[in-house]
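*Asks:* I have a structure here, written as structure tokens, and I will follow up with some questions on it.
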There are 4 protein chains.
Amino acid sequence: MGSVWSGKSLKLSLFGESHGACVGCVLDGFPAGMKPDFEAIAAELARRRPGGGLASQRRETDAAEVLSGLYDGFTTGAPICPVIRNEDARPKDYEACDIPRPGHADYTQRARYGNRHDARGGGHLSGRLTAPLVFAGALAKQALAVRAIEVYGRVAGVGGVEDEPLARQLDDRNAWNALKQKPVAVFSDDAASKMEAAILAARGEGDSLGGIVEAAAFGLPVGWGSPIFDNVESRIAALLFAIPGVKGVSFGAAALSKQKGSEANDAFTPVNGEVRHASNNAGGVNGGITNGMPLVVRAEFRPTPSIAKPQASVDLSKNEAARLKIQGRHDPCIALRAVAVVEACAALGLLDLALEMEGTHGWL
Amino acid sequence: MGSVWSGKSLKLSLFGESHGACVGCVLDGFPAGMKPDFEAIAAELARRRPGGGLASQRRETDAAEVLSGLYDGFTTGAPICPVIRNEDARPKDYEACDIPRPGHADYTQRARYGNRHDARGGGHLSGRLTAPLVFAGALAKQALAVRAIEVYGRVAGVGGVEDEPLARQLDDRNAWNALKQKPVAVFSDDAASKMEAAILAARGEGDSLGGIVEAAAFGLPVGWGSPIFDNVESRIAALLFAIPGVKGVSFGAAALSKQKGSEANDAFTPVNGEVRHASNNAGGVNGGITNGMPLVVRAEFRPTPSIAKPQASVDLSKNEAARLKIQGRHDPCIALRAVAVVEACAALGLLDLALEMEGTHGWL
Amino acid sequence: MGSVWSGKSLKLSLFGESHGACVGCVLDGFPAGMKPDFEAIAAELARRRPGGGLASQRRETDAAEVLSGLYDGFTTGAPICPVIRNEDARPKDYEACDIPRPGHADYTQRARYGNRHDARGGGHLSGRLTAPLVFAGALAKQALAVRAIEVYGRVAGVGGVEDEPLARQLDDRNAWNALKQKPVAVFSDDAASKMEAAILAARGEGDSLGGIVEAAAFGLPVGWGSPIFDNVESRIAALLFAIPGVKGVSFGAAALSKQKGSEANDAFTPVNGEVRHASNNAGGVNGGITNGMPLVVRAEFRPTPSIAKPQASVDLSKNEAARLKIQGRHDPCIALRAVAVVEACAALGLLDLALEMEGTHGWL
Amino acid sequence: MGSVWSGKSLKLSLFGESHGACVGCVLDGFPAGMKPDFEAIAAELARRRPGGGLASQRRETDAAEVLSGLYDGFTTGAPICPVIRNEDARPKDYEACDIPRPGHADYTQRARYGNRHDARGGGHLSGRLTAPLVFAGALAKQALAVRAIEVYGRVAGVGGVEDEPLARQLDDRNAWNALKQKPVAVFSDDAASKMEAAILAARGEGDSLGGIVEAAAFGLPVGWGSPIFDNVESRIAALLFAIPGVKGVSFGAAALSKQKGSEANDAFTPVNGEVRHASNNAGGVNGGITNGMPLVVRAEFRPTPSIAKPQASVDLSKNEAARLKIQGRHDPCIALRAVAVVEACAALGLLDLALEMEGTHGWL
């Protein structure tokens, strides 16, 4: 497959399967000399872990064993390999794999890799692979924090219900941190209630909902990025489209394409001898280079394709129509658990950018 | 800068400046043995060329000299280098470059590359660099045509006015080809009129509009793409975000994140012993791999930042507030000319995928 | 670090440390549908395993646990992650790591990655990392065998003693296979005896010897490789220089630079309607592209830097001269165990080439 | 083809053909803010230009037109595209291209790219493509000079005649610079005379000689390079093997593989509180990381395959044996002109390493 992300300095190699022995990754190029906060990493993993009334009922502790790259508790500069064992795999749920699940990669993966691919729950293309991604992203966040850069995320919309718009001055770290304790990570409690209700209703109908996750990064300096092709947006977007279910990525103000130039342009104002932007419609990026304002990026998730409702499919072995009733334990709205994943991708992309700009010589 | 696109098989190296001697590219990895249709290439370049009532008044013939890679009229396998001379450069228009234009890369490029960067009309980060991109894309289209793959594009929206939805069975090549003759490439004549009116109104106010360009690729087989990271969507999206002004990229049905799973899933049906999809909400991609349906991708363009209306900026040399009235010749809605560019990026990404797959498709 | 090899289709991510928990790798891009022969893999690992009178006394079984990428005994197309636990690590041997070992990476690794790097026995830069490389190479050999391509290796020289020259018609698979059973993998028994004697003498003096390992690949078709930069030689050489101790790589006849053109040119002769080469001075590569003759490549190894003889060094913490007497268990001539490693690198490079070519070979 | 070198920060895209319109390149990632010394670049080009009694009689001025990347005489950070027109192309010399020249890429290029490849004098795979490589390398040298790093080269051997060994303390810039004025760039006048005589004798016999070119880089700090795979040696070697005719690359003392460990290890000595090496057998690199000593690398060139002596070949169109008498103007020993090319490759590799280590943010 193509499961190595090749940043300019960082490389991330994902491995494992949903119902195999484990999932894991190798993160290469991470700076030496950092003492990872493993409690913080576990907290990030907990944010995307299944369980709870709004998510899949699969039970995983997601405890990671780090096989390499640490010595005396510090990163050494060598590749870091965390492994997360699968504890609640149920491969039996996926035996009838001759009937591909609509909206999933079952059919396409078989066409691409043949009958020998691991079809159990999506195999290597399962959302479970986002667990090691979150681990790597948590490390990236800690390395960014040393650089005074912070990455946050929220659910911006679920099934048409939207959280309040991101006020351009919303640089309130406490508010963002508070989201991590909420079952649905939105600012507006009213929106949260409506989203929860919509999700439970969809689950009740054996259905699912899509959603939008928005991440924001604070503390970025002006002047990062290497256009034309190695621009900030291409790099972050490529990472985000690797998350299962993401079908759209956008930067800056929502619906920017519907604005006029006079509205969309972020005017410059001098403040105490520094250049400031009066607004952040560009989402922190102009011409593919950071402009000093917070990076704002949205990932749109399609509704979870695994639904309880019966669906029309085909039996590939018999070459005839088949009805499919999906077993297994699934999320009615993957966007909720995806906040940590979107943040992880943003953090990895930004740390890679930081290392490109700073250079990799030396250590933390 | 980072102006080399590194596909798996194709590499594209862009060079040149908006008001320098020329723009051009080197396309490496293109298959040997093809006789390019240069009239077709010129026609593609004409689609994005400035001029006309709805576009910039810069006069360029965009005639390309091919410096390498051809012999006896055929591609040889060696890198192909087209050069397009700038004939109507007016660098004098850009002398006051200490006052960065809001929404442009002026400020960020200076922060990234210093005072010696070429600031005249954006320099290397100008939209003019999309001319060689279209040249390369036109070659890619011809190589795809040999594989019975065709790429089309349209304007899906301008400043809030939308073309009719893309009917899922809209596989009518004549209809798509007819768009190339229209001043605004939309299916609905009514929408076209409204868009034109909106653009002329914006221009009249010294303002500009954003828009959405949609491309569709027909003839793709099932089973192309290399997830997790080298999936189809990440690769196409990364190319599209390299186009100046693109702030969002999405695949499949518009507003997919607002659908329910039961709506969004494309059911399978057997038709004459083959697997078909009853709909195309996924835009031709599941799990990062093509599913045999047309690829559908949208690029959202911000409104052109260059507007005639005076704007607030700063004088970087004096470190004080400044009013800016942009001179030069600019597009009131870049999306119109961008259709050929979006198609070019899609074609380059798909040809790269084709070349990868013709090797690794299937299995041992 | 930079421990991901990025071939065109294959990626290999190495992880682990000499005296940490384990060493391992992730091999991405490997074809689906192959049933690995694990006994053959174990046999390859055994060829480079320490032990015996001519090698390090470290005791490792080098048993690999495969964490991912297999299902029902077949490769699935997903990344393959073998982990080899360290069973005989003795980190205590390396406590005095403020005194860098001459010829090793101790001093340079510290300068590059700081005091927090894992200095125990070279850490991640130890020769022990060649164990997962051999595992990956063994898989590559099996995938090449399906394509009727075989890779062999021998010790071509040790401390100035040379094996007999590689006769150009030496396409005798039995002879090559027989080398795998010998303590020193050379064709000439006389040379073997002299090499053994030289090695034992060096060990007796607390010293070490360098050597040359030569690999040959049979069955390659004509027309593989992508010059100028992605030529066959650059790709194989880059892999070989990643092996600790390799200081030179050359292709074709030894001392080719001392020949005349009329000697070095491999004349063409038609044989039964096919083009043949009358000799193989080019080592199977012309202009960076395979010519249909066996690929012949040599890797020159410096003498093992770890020697028992006392050496002059510095105490980096005190900034003063120090005498160093290296503890630990070391190889008097690393070239002997390196045959399997050189073959592994050649096999990985060639499989990557095969996967590229099966796609882009030929023309439109 | 694969004619883009992808360094970590620098990318170099070569284009053009030996008997086409021109040769050229695009150098991307070069730092902004440098004022290139074009006289120095022309002097570098002159060092590899054909002409003189010991080289090909092709007459080229090798004057370069720079199409992009400069403004007001300074680099801007944008890609730099120099084009060198072919002035003395004689494609007629190459019409009988159905008879491949032994030792050349004629046969392999045809197998790889088909009958439509440009076979005239090797087409894109000609040594003429080293002209733009030298241009790019000359720029790299100037950027390295700002960092107090200098790259020099010499002919170390021709057809078995060797220059004097590189004394380890040979850090005499004047001596190295003086080589640039000599017809054969060797330190020993005696060796120079013997080499000249040998070359003229070979030419007289319609034959050619191989040779060895050695480059040394002074001023490198300790701690550059990213092992395991992105180590210094792999990166430099991959560049050097892209030069036509190079069949071997080695670092450090010649014949290191024949030394003992006690001889080869470079002892450390403290000098005024700094760590010094007492010798430079490692050629400035340990464990793939620079050790602060001069980098020493050798490239072995096979004898020029184009010789006047008649040779045995095949007529590919008739599938029968053919005698070939090569026309055209050729070098009796390519190593002489290759000194500037080897230096260029080393300089490009080292500047890329510098930019990785330093970071690319900001400008010169």
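By order in the structure tokens, chains are A, B, ...; within a chain, residues start at 1; ligands start at 1, following the order shown.
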Please produce, as a tab-separated table, a per-residue contact table for chain B versus chain C (criterion: any atom at most 12 Å away, only C-alpha atoms considered), showing the nearest atom pair and its distance in Å to one decimal, sorted by chain then residue number.

*Replies:*
residue	atom	partner	partner_atom	distance
B:Ser6	CA	C:Lys8	CA	11.1
B:Gly7	CA	C:Lys8	CA	10.1
B:Lys8	CA	C:Lys8	CA	6.7
B:Ser9	CA	C:Lys8	CA	8.2
B:Leu10	CA	C:Thr360	CA	10.8
B:Asp28	CA	C:Ser226	CA	10.6
B:Gly29	CA	C:Ser226	CA	8.8
B:Phe30	CA	C:Leu364	CA	9.7
B:Pro31	CA	C:Trp363	CA	5.9
B:Ala32	CA	C:Trp363	CA	5.4
B:Gly33	CA	C:Leu364	CA	5.7
B:Met34	CA	C:Leu364	CA	6.6
B:Lys35	CA	C:Leu364	CA	10.2
B:Phe74	CA	C:Leu364	CA	11.0
B:Thr75	CA	C:Leu364	CA	9.8
B:Thr76	CA	C:Trp363	CA	9.4
B:Gly77	CA	C:Trp363	CA	8.3
B:Ala78	CA	C:Pro227	CA	9.4
B:Pro79	CA	C:Ile228	CA	10.3
B:Gln142	CA	C:Leu364	CA	11.1
B:Ala143	CA	C:Leu364	CA	8.1
B:Leu144	CA	C:Leu364	CA	10.5
B:Ala145	CA	C:Leu364	CA	11.4
B:Val146	CA	C:Leu364	CA	8.2
B:Arg147	CA	C:Leu364	CA	9.5
B:Gly225	CA	C:Gly29	CA	12.0
B:Ser226	CA	C:Gly29	CA	8.7
B:Pro227	CA	C:Ala78	CA	9.4
B:Ile228	CA	C:Ala78	CA	9.5
B:Phe229	CA	C:Asp28	CA	11.4
B:Asp230	CA	C:Gly29	CA	10.7
B:Leu351	CA	C:Thr360	CA	11.7
B:Asp352	CA	C:Thr360	CA	10.6
B:Leu353	CA	C:Gly359	CA	10.5
B:Ala354	CA	C:Gly359	CA	8.7
B:Leu355	CA	C:Gly359	CA	6.1
B:Glu356	CA	C:Gly359	CA	6.1
B:Met357	CA	C:Gly359	CA	6.5
B:Glu358	CA	C:Gly359	CA	4.4
B:Gly359	CA	C:Gly359	CA	2.8
B:Thr360	CA	C:Leu355	CA	6.2
B:His361	CA	C:Gly359	CA	8.4
B:Gly362	CA	C:Ala32	CA	8.4
B:Trp363	CA	C:Ala32	CA	5.5
B:Leu364	CA	C:Gly33	CA	5.8

*Asks:* Mind checking which residues fall within 7 Å of stretch 321-334 of chain B, counting only C-alpha atoms, ignoring those fewer than 5 positions away in the same chain, and posting them as a list in words?

*Replies:*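 The contact residues come out as Thr269 and Pro270 of chain A; Leu54, Ala55, Ser56, Gln57, Arg58, Asp93, Ile199, Ala202, Arg203, Asp207, Ser208, Leu209, Gly210, Pro303, Thr304, Ser306, Ile307, Ala308, Lys309, Pro310, Gln311, Ala312, Ser313, Val314 and Asp315 of chain B.
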
*Asks:* Those same residues, written as a short mmCIF file (atom, residue, chain, number, x, y, z; two decimals), in the first residue's frame with C-alpha atoms?

*Replies:*
data_model
loop_
_atom_site.label_atom_id
_atom_site.label_comp_id
_atom_site.auth_asym_id
_atom_site.auth_seq_id
_atom_site.Cartn_x
_atom_site.Cartn_y
_atom_site.Cartn_z
CA THR A 269 -2.91 47.17 10.14
CA PRO A 270 0.24 48.25 11.90
CA LEU B 54 -14.81 38.78 -17.89
CA ALA B 55 -11.06 38.49 -17.41
CA SER B 56 -7.80 40.36 -17.06
CA GLN B 57 -6.83 42.59 -19.98
CA ARG B 58 -3.28 41.36 -20.14
CA ASP B 93 2.78 48.43 -12.43
CA ILE B 199 -19.17 39.27 -12.28
CA ALA B 202 -18.52 43.11 -9.05
CA ARG B 203 -16.08 44.49 -11.60
CA ASP B 207 -14.66 44.19 -6.50
CA SER B 208 -14.27 40.48 -7.27
CA LEU B 209 -16.06 37.16 -6.73
CA GLY B 210 -15.06 33.67 -5.67
CA PRO B 303 -12.43 35.88 -4.64
CA THR B 304 -9.50 37.40 -6.56
CA SER B 306 -6.66 42.12 -6.54
CA ILE B 307 -9.54 44.59 -6.51
CA ALA B 308 -9.77 48.17 -7.63
CA LYS B 309 -11.37 49.33 -4.41
CA PRO B 310 -8.92 51.04 -2.09
CA GLN B 311 -7.78 48.84 0.78
CA ALA B 312 -6.06 49.22 4.11
CA SER B 313 -2.49 47.99 4.18
CA VAL B 314 0.85 48.93 5.69
CA ASP B 315 3.98 50.44 4.25
#

*Asks:* Pick out the residues sitting within 10 Å of stretch 16-19 of chain C, and hand them over as a PyMOL selection string; count only C-alpha atoms, and ignore anything fewer than 5 positions along from it in its own chain.

*Replies:* (chain A and resi 67-71+78-81) or (chain C and resi 24-25+83-94+118-129+132)

*Asks:* Output C-alpha atoms of each residue in that selection to a file, as a PDB file, in the first residue's frame.

*Replies:*
ATOM      1  CA  LEU A  67       9.471  -0.456  21.033  1.00  0.00           C
ATOM      2  CA  SER A  68      12.169   2.022  20.069  1.00  0.00           C
ATOM      3  CA  GLY A  69      13.408   5.572  19.939  1.00  0.00           C
ATOM      4  CA  LEU A  70      13.503   6.320  23.662  1.00  0.00           C
ATOM      5  CA  TYR A  71      16.317   6.113  26.170  1.00  0.00           C
ATOM      6  CA  ALA A  78      15.960   7.462  16.363  1.00  0.00           C
ATOM      7  CA  PRO A  79      12.625   6.236  14.970  1.00  0.00           C
ATOM      8  CA  ILE A  80       9.852   5.845  17.531  1.00  0.00           C
ATOM      9  CA  CYS A  81       7.696   2.749  17.230  1.00  0.00           C
TER      10      CYS A  81
ATOM     11  CA  GLY C  24      12.480  -4.283  13.349  1.00  0.00           C
ATOM     12  CA  CYS C  25      11.135  -2.685  10.234  1.00  0.00           C
ATOM     13  CA  VAL C  83      10.061  -7.422  15.122  1.00  0.00           C
ATOM     14  CA  ILE C  84      13.185  -9.169  16.364  1.00  0.00           C
ATOM     15  CA  ARG C  85      13.635  -8.984  20.109  1.00  0.00           C
ATOM     16  CA  ASN C  86      17.104  -8.444  21.505  1.00  0.00           C
ATOM     17  CA  GLU C  87      17.884 -11.412  23.722  1.00  0.00           C
ATOM     18  CA  ASP C  88      21.506 -10.901  24.516  1.00  0.00           C
ATOM     19  CA  ALA C  89      21.753  -7.165  24.915  1.00  0.00           C
ATOM     20  CA  ARG C  90      24.408  -6.047  27.383  1.00  0.00           C
ATOM     21  CA  PRO C  91      24.003  -2.340  27.736  1.00  0.00           C
ATOM     22  CA  LYS C  92      26.386  -2.332  30.713  1.00  0.00           C
ATOM     23  CA  ASP C  93      29.221  -2.896  28.270  1.00  0.00           C
ATOM     24  CA  TYR C  94      28.672   0.598  26.971  1.00  0.00           C
ATOM     25  CA  ASP C 118      21.235   6.086  22.655  1.00  0.00           C
ATOM     26  CA  ALA C 119      24.950   5.444  22.686  1.00  0.00           C
ATOM     27  CA  ARG C 120      24.824   1.818  23.820  1.00  0.00           C
ATOM     28  CA  GLY C 121      26.659  -0.123  21.137  1.00  0.00           C
ATOM     29  CA  GLY C 122      25.842   2.467  18.505  1.00  0.00           C
ATOM     30  CA  GLY C 123      22.163   2.548  19.396  1.00  0.00           C
ATOM     31  CA  HIS C 124      20.085   2.819  16.255  1.00  0.00           C
ATOM     32  CA  LEU C 125      23.209   3.095  14.088  1.00  0.00           C
ATOM     33  CA  SER C 126      24.466  -0.343  15.089  1.00  0.00           C
ATOM     34  CA  GLY C 127      25.063  -3.117  12.599  1.00  0.00           C
ATOM     35  CA  ARG C 128      22.304  -4.967  14.432  1.00  0.00           C
ATOM     36  CA  LEU C 129      19.815  -2.960  12.362  1.00  0.00           C
ATOM     37  CA  PRO C 132      15.470  -6.465   9.831  1.00  0.00           C
TER      38      PRO C 132
END

*Asks:* Considering only C-alpha atoms, state which residue in the set D:Leu14, D:Arg112, D:Gly288, D:Ala192 is at the smallest distance from C:Leu240.

*Replies:*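 Among the listed residues, the smallest separation from C:Leu240 belongs to D:Gly288.
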
*Asks:* So the first atom is atom CA of D:Ile99 and the second is atom CA of D:Ser317; what is the distance between them in Å, to one decimal place?

*Replies:*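 Computed distance, atom CA of D:Ile99 to atom CA of D:Ser317, equals 8.3 Å.
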
*Asks:* Write out as a PyMOL selection string each polymer residue whose atoms come within 7 Å of stretch 273-282 of chain A, counting only C-alpha atoms; drop sequence neighbours fewer than 3 positions from it.

*Replies:* (chain A and resi 168+251-253+264+266-270+285-286+293) or (chain B and resi 319)

*Asks:* Pick from D:Ala254, D:Leu170, D:Ala185, D:Leu350: nearest to D:Glu233, with only C-alpha atoms counted?

*Replies:*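 Using only C-alpha atoms, the shortest distance to D:Glu233 belongs to D:Leu350.
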
*Asks:* When DSSP works through the backbone of this structure, what residues of stretch 78-277 of chain D end up as alpha helix (DSSP H), shown as a ChimeraX atom specification?

*Replies:* /D:106-113,130-146,173-179,189-204,232-240,261-264

*Asks:* So which one's closest to B:Gly292, B:Tyr113, B:Phe135, B:Phe218, B:Phe241? Using only C-alpha atoms, please.

*Replies:* B:Phe218

*Asks:* Write out as an mmCIF file with N, CA and C atoms, in the first residue's frame the residues lying within 12 Å of stretch 39-42 of chain D, counting only C-alpha atoms and excluding same-chain residues fewer than 5 positions away.

*Replies:*
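out06.cif written:
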data_model
loop_
_atom_site.group_PDB
_atom_site.id
_atom_site.type_symbol
_atom_site.label_atom_id
_atom_site.label_comp_id
_atom_site.auth_asym_id
_atom_site.auth_seq_id
_atom_site.Cartn_x
_atom_site.Cartn_y
_atom_site.Cartn_z
ATOM 1 N N ARG D 47 35.812 24.566 -17.585
ATOM 2 C CA ARG D 47 36.628 23.427 -17.136
ATOM 3 C C ARG D 47 36.118 22.110 -17.706
ATOM 4 N N ARG D 48 34.831 22.015 -17.971
ATOM 5 C CA ARG D 48 34.334 20.747 -18.531
ATOM 6 C C ARG D 48 34.029 20.850 -20.020
ATOM 7 N N ARG D 49 34.296 22.022 -20.620
ATOM 8 C CA ARG D 49 33.949 22.226 -22.027
ATOM 9 C C ARG D 49 34.848 21.388 -22.923
ATOM 10 N N THR D 61 30.378 27.079 -26.944
ATOM 11 C CA THR D 61 30.767 28.145 -26.018
ATOM 12 C C THR D 61 30.127 27.934 -24.655
ATOM 13 N N ASP D 62 29.082 27.128 -24.632
ATOM 14 C CA ASP D 62 28.397 26.838 -23.374
ATOM 15 C C ASP D 62 27.938 28.102 -22.653
ATOM 16 N N ALA D 63 27.488 29.083 -23.437
ATOM 17 C CA ALA D 63 26.945 30.295 -22.821
ATOM 18 C C ALA D 63 25.523 30.012 -22.353
ATOM 19 N N ALA D 64 25.248 30.372 -21.122
ATOM 20 C CA ALA D 64 23.945 30.057 -20.546
ATOM 21 C C ALA D 64 23.054 31.294 -20.487
ATOM 22 N N GLU D 65 21.810 31.113 -20.885
ATOM 23 C CA GLU D 65 20.795 32.145 -20.668
ATOM 24 C C GLU D 65 19.973 31.717 -19.456
ATOM 25 N N VAL D 66 19.852 32.598 -18.483
ATOM 26 C CA VAL D 66 19.069 32.249 -17.295
ATOM 27 C C VAL D 66 17.654 32.782 -17.477
ATOM 28 N N PRO D 82 18.717 27.828 -16.145
ATOM 29 C CA PRO D 82 19.691 28.172 -17.192
ATOM 30 C C PRO D 82 19.518 27.268 -18.411
ATOM 31 N N ILE D 84 21.434 26.268 -22.081
ATOM 32 C CA ILE D 84 22.660 26.335 -22.878
ATOM 33 C C ILE D 84 22.332 25.778 -24.255
ATOM 34 N N ALA D 131 26.709 19.634 -18.555
ATOM 35 C CA ALA D 131 26.927 21.090 -18.604
ATOM 36 C C ALA D 131 25.960 21.813 -17.651
ATOM 37 N N PRO D 132 24.656 21.594 -17.759
ATOM 38 C CA PRO D 132 23.783 22.242 -16.770
ATOM 39 C C PRO D 132 24.030 21.764 -15.337
ATOM 40 N N LEU D 133 24.506 20.542 -15.194
ATOM 41 C CA LEU D 133 24.862 20.050 -13.854
ATOM 42 C C LEU D 133 26.004 20.894 -13.276
ATOM 43 N N VAL D 134 26.963 21.226 -14.126
ATOM 44 C CA VAL D 134 28.074 22.066 -13.667
ATOM 45 C C VAL D 134 27.573 23.482 -13.351
ATOM 46 N N PHE D 135 26.630 23.963 -14.131
ATOM 47 C CA PHE D 135 26.060 25.290 -13.833
ATOM 48 C C PHE D 135 25.430 25.273 -12.439
ATOM 49 N N ALA D 136 24.604 24.281 -12.200
ATOM 50 C CA ALA D 136 23.934 24.184 -10.893
ATOM 51 C C ALA D 136 24.958 23.996 -9.780
ATOM 52 N N GLY D 137 25.975 23.180 -10.065
ATOM 53 C CA GLY D 137 27.009 22.960 -9.062
ATOM 54 C C GLY D 137 27.802 24.222 -8.764
ATOM 55 N N ALA D 138 27.993 25.052 -9.772
ATOM 56 C CA ALA D 138 28.727 26.303 -9.560
ATOM 57 C C ALA D 138 27.931 27.231 -8.641
ATOM 58 N N LEU D 139 26.618 27.253 -8.836
ATOM 59 C CA LEU D 139 25.779 28.024 -7.908
ATOM 60 C C LEU D 139 25.896 27.453 -6.495
ATOM 61 N N ALA D 140 25.851 26.137 -6.404
ATOM 62 C CA ALA D 140 25.942 25.497 -5.084
ATOM 63 C C ALA D 140 27.259 25.833 -4.405
ATOM 64 N N LYS D 141 28.336 25.833 -5.182
ATOM 65 C CA LYS D 141 29.639 26.181 -4.607
ATOM 66 C C LYS D 141 29.640 27.582 -4.023
ATOM 67 N N GLN D 142 28.979 28.505 -4.739
ATOM 68 C CA GLN D 142 28.956 29.881 -4.239
ATOM 69 C C GLN D 142 28.142 29.984 -2.952
ATOM 70 N N ALA D 340 35.233 18.911 -12.959
ATOM 71 C CA ALA D 340 34.237 19.943 -12.621
ATOM 72 C C ALA D 340 32.873 19.323 -12.346
ATOM 73 N N ALA D 344 30.779 19.402 -8.935
ATOM 74 C CA ALA D 344 29.408 19.938 -8.970
ATOM 75 C C ALA D 344 28.449 19.040 -8.197
#

*Asks:* Which is closest to A:Gly206 among A:Pro305, A:Leu45, A:Ile236, A:Asp163, if we use only C-alpha atoms?

*Replies:*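 Residue with the minimum atom-to-atom distance to A:Gly206: A:Pro305.
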
*Asks:* Would you compute the distance between atom CA of A:Ala175 and atom CA of A:Gly219? Give it in Å to one decimal.

*Replies:*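 Computing it gives 16.3 Å between the two atoms.
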
*Asks:* Please identify which residues in stretch 136-346 of chain A DSSP calls strand (DSSP E or B) from the backbone, and express them as a PyMOL selection string.

*Replies:* chain A and resi 150-158+161-162+209+211-218+222+226+228+230+246-251+260+268-271+274-277+285-286+289-291+295-301+311-315+320-324

*Asks:* At a cut-off of 9 Å, using only C-alpha atoms, what residues contact B:Ala346? Leave out same-chain residues fewer than 6 positions from it and give the result as a PyMOL selection string.

*Replies:* chain B and resi 137+151+215-217+236-237+239-240+297

*Asks:* Just the number, please: distance in Å from atom CA of D:Thr290 to atom CA of D:Gly223, one decimal.

*Replies:*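 Going from atom CA of D:Thr290 over to atom CA of D:Gly223, I get 5.3 Å.
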
*Asks:* Of the candidates B:Asp190, B:Thr130, B:Lys247, B:Pro36, which shows the shortest atom-to-atom distance to B:Val23, using only C-alpha atoms?

*Replies:* B:Thr130
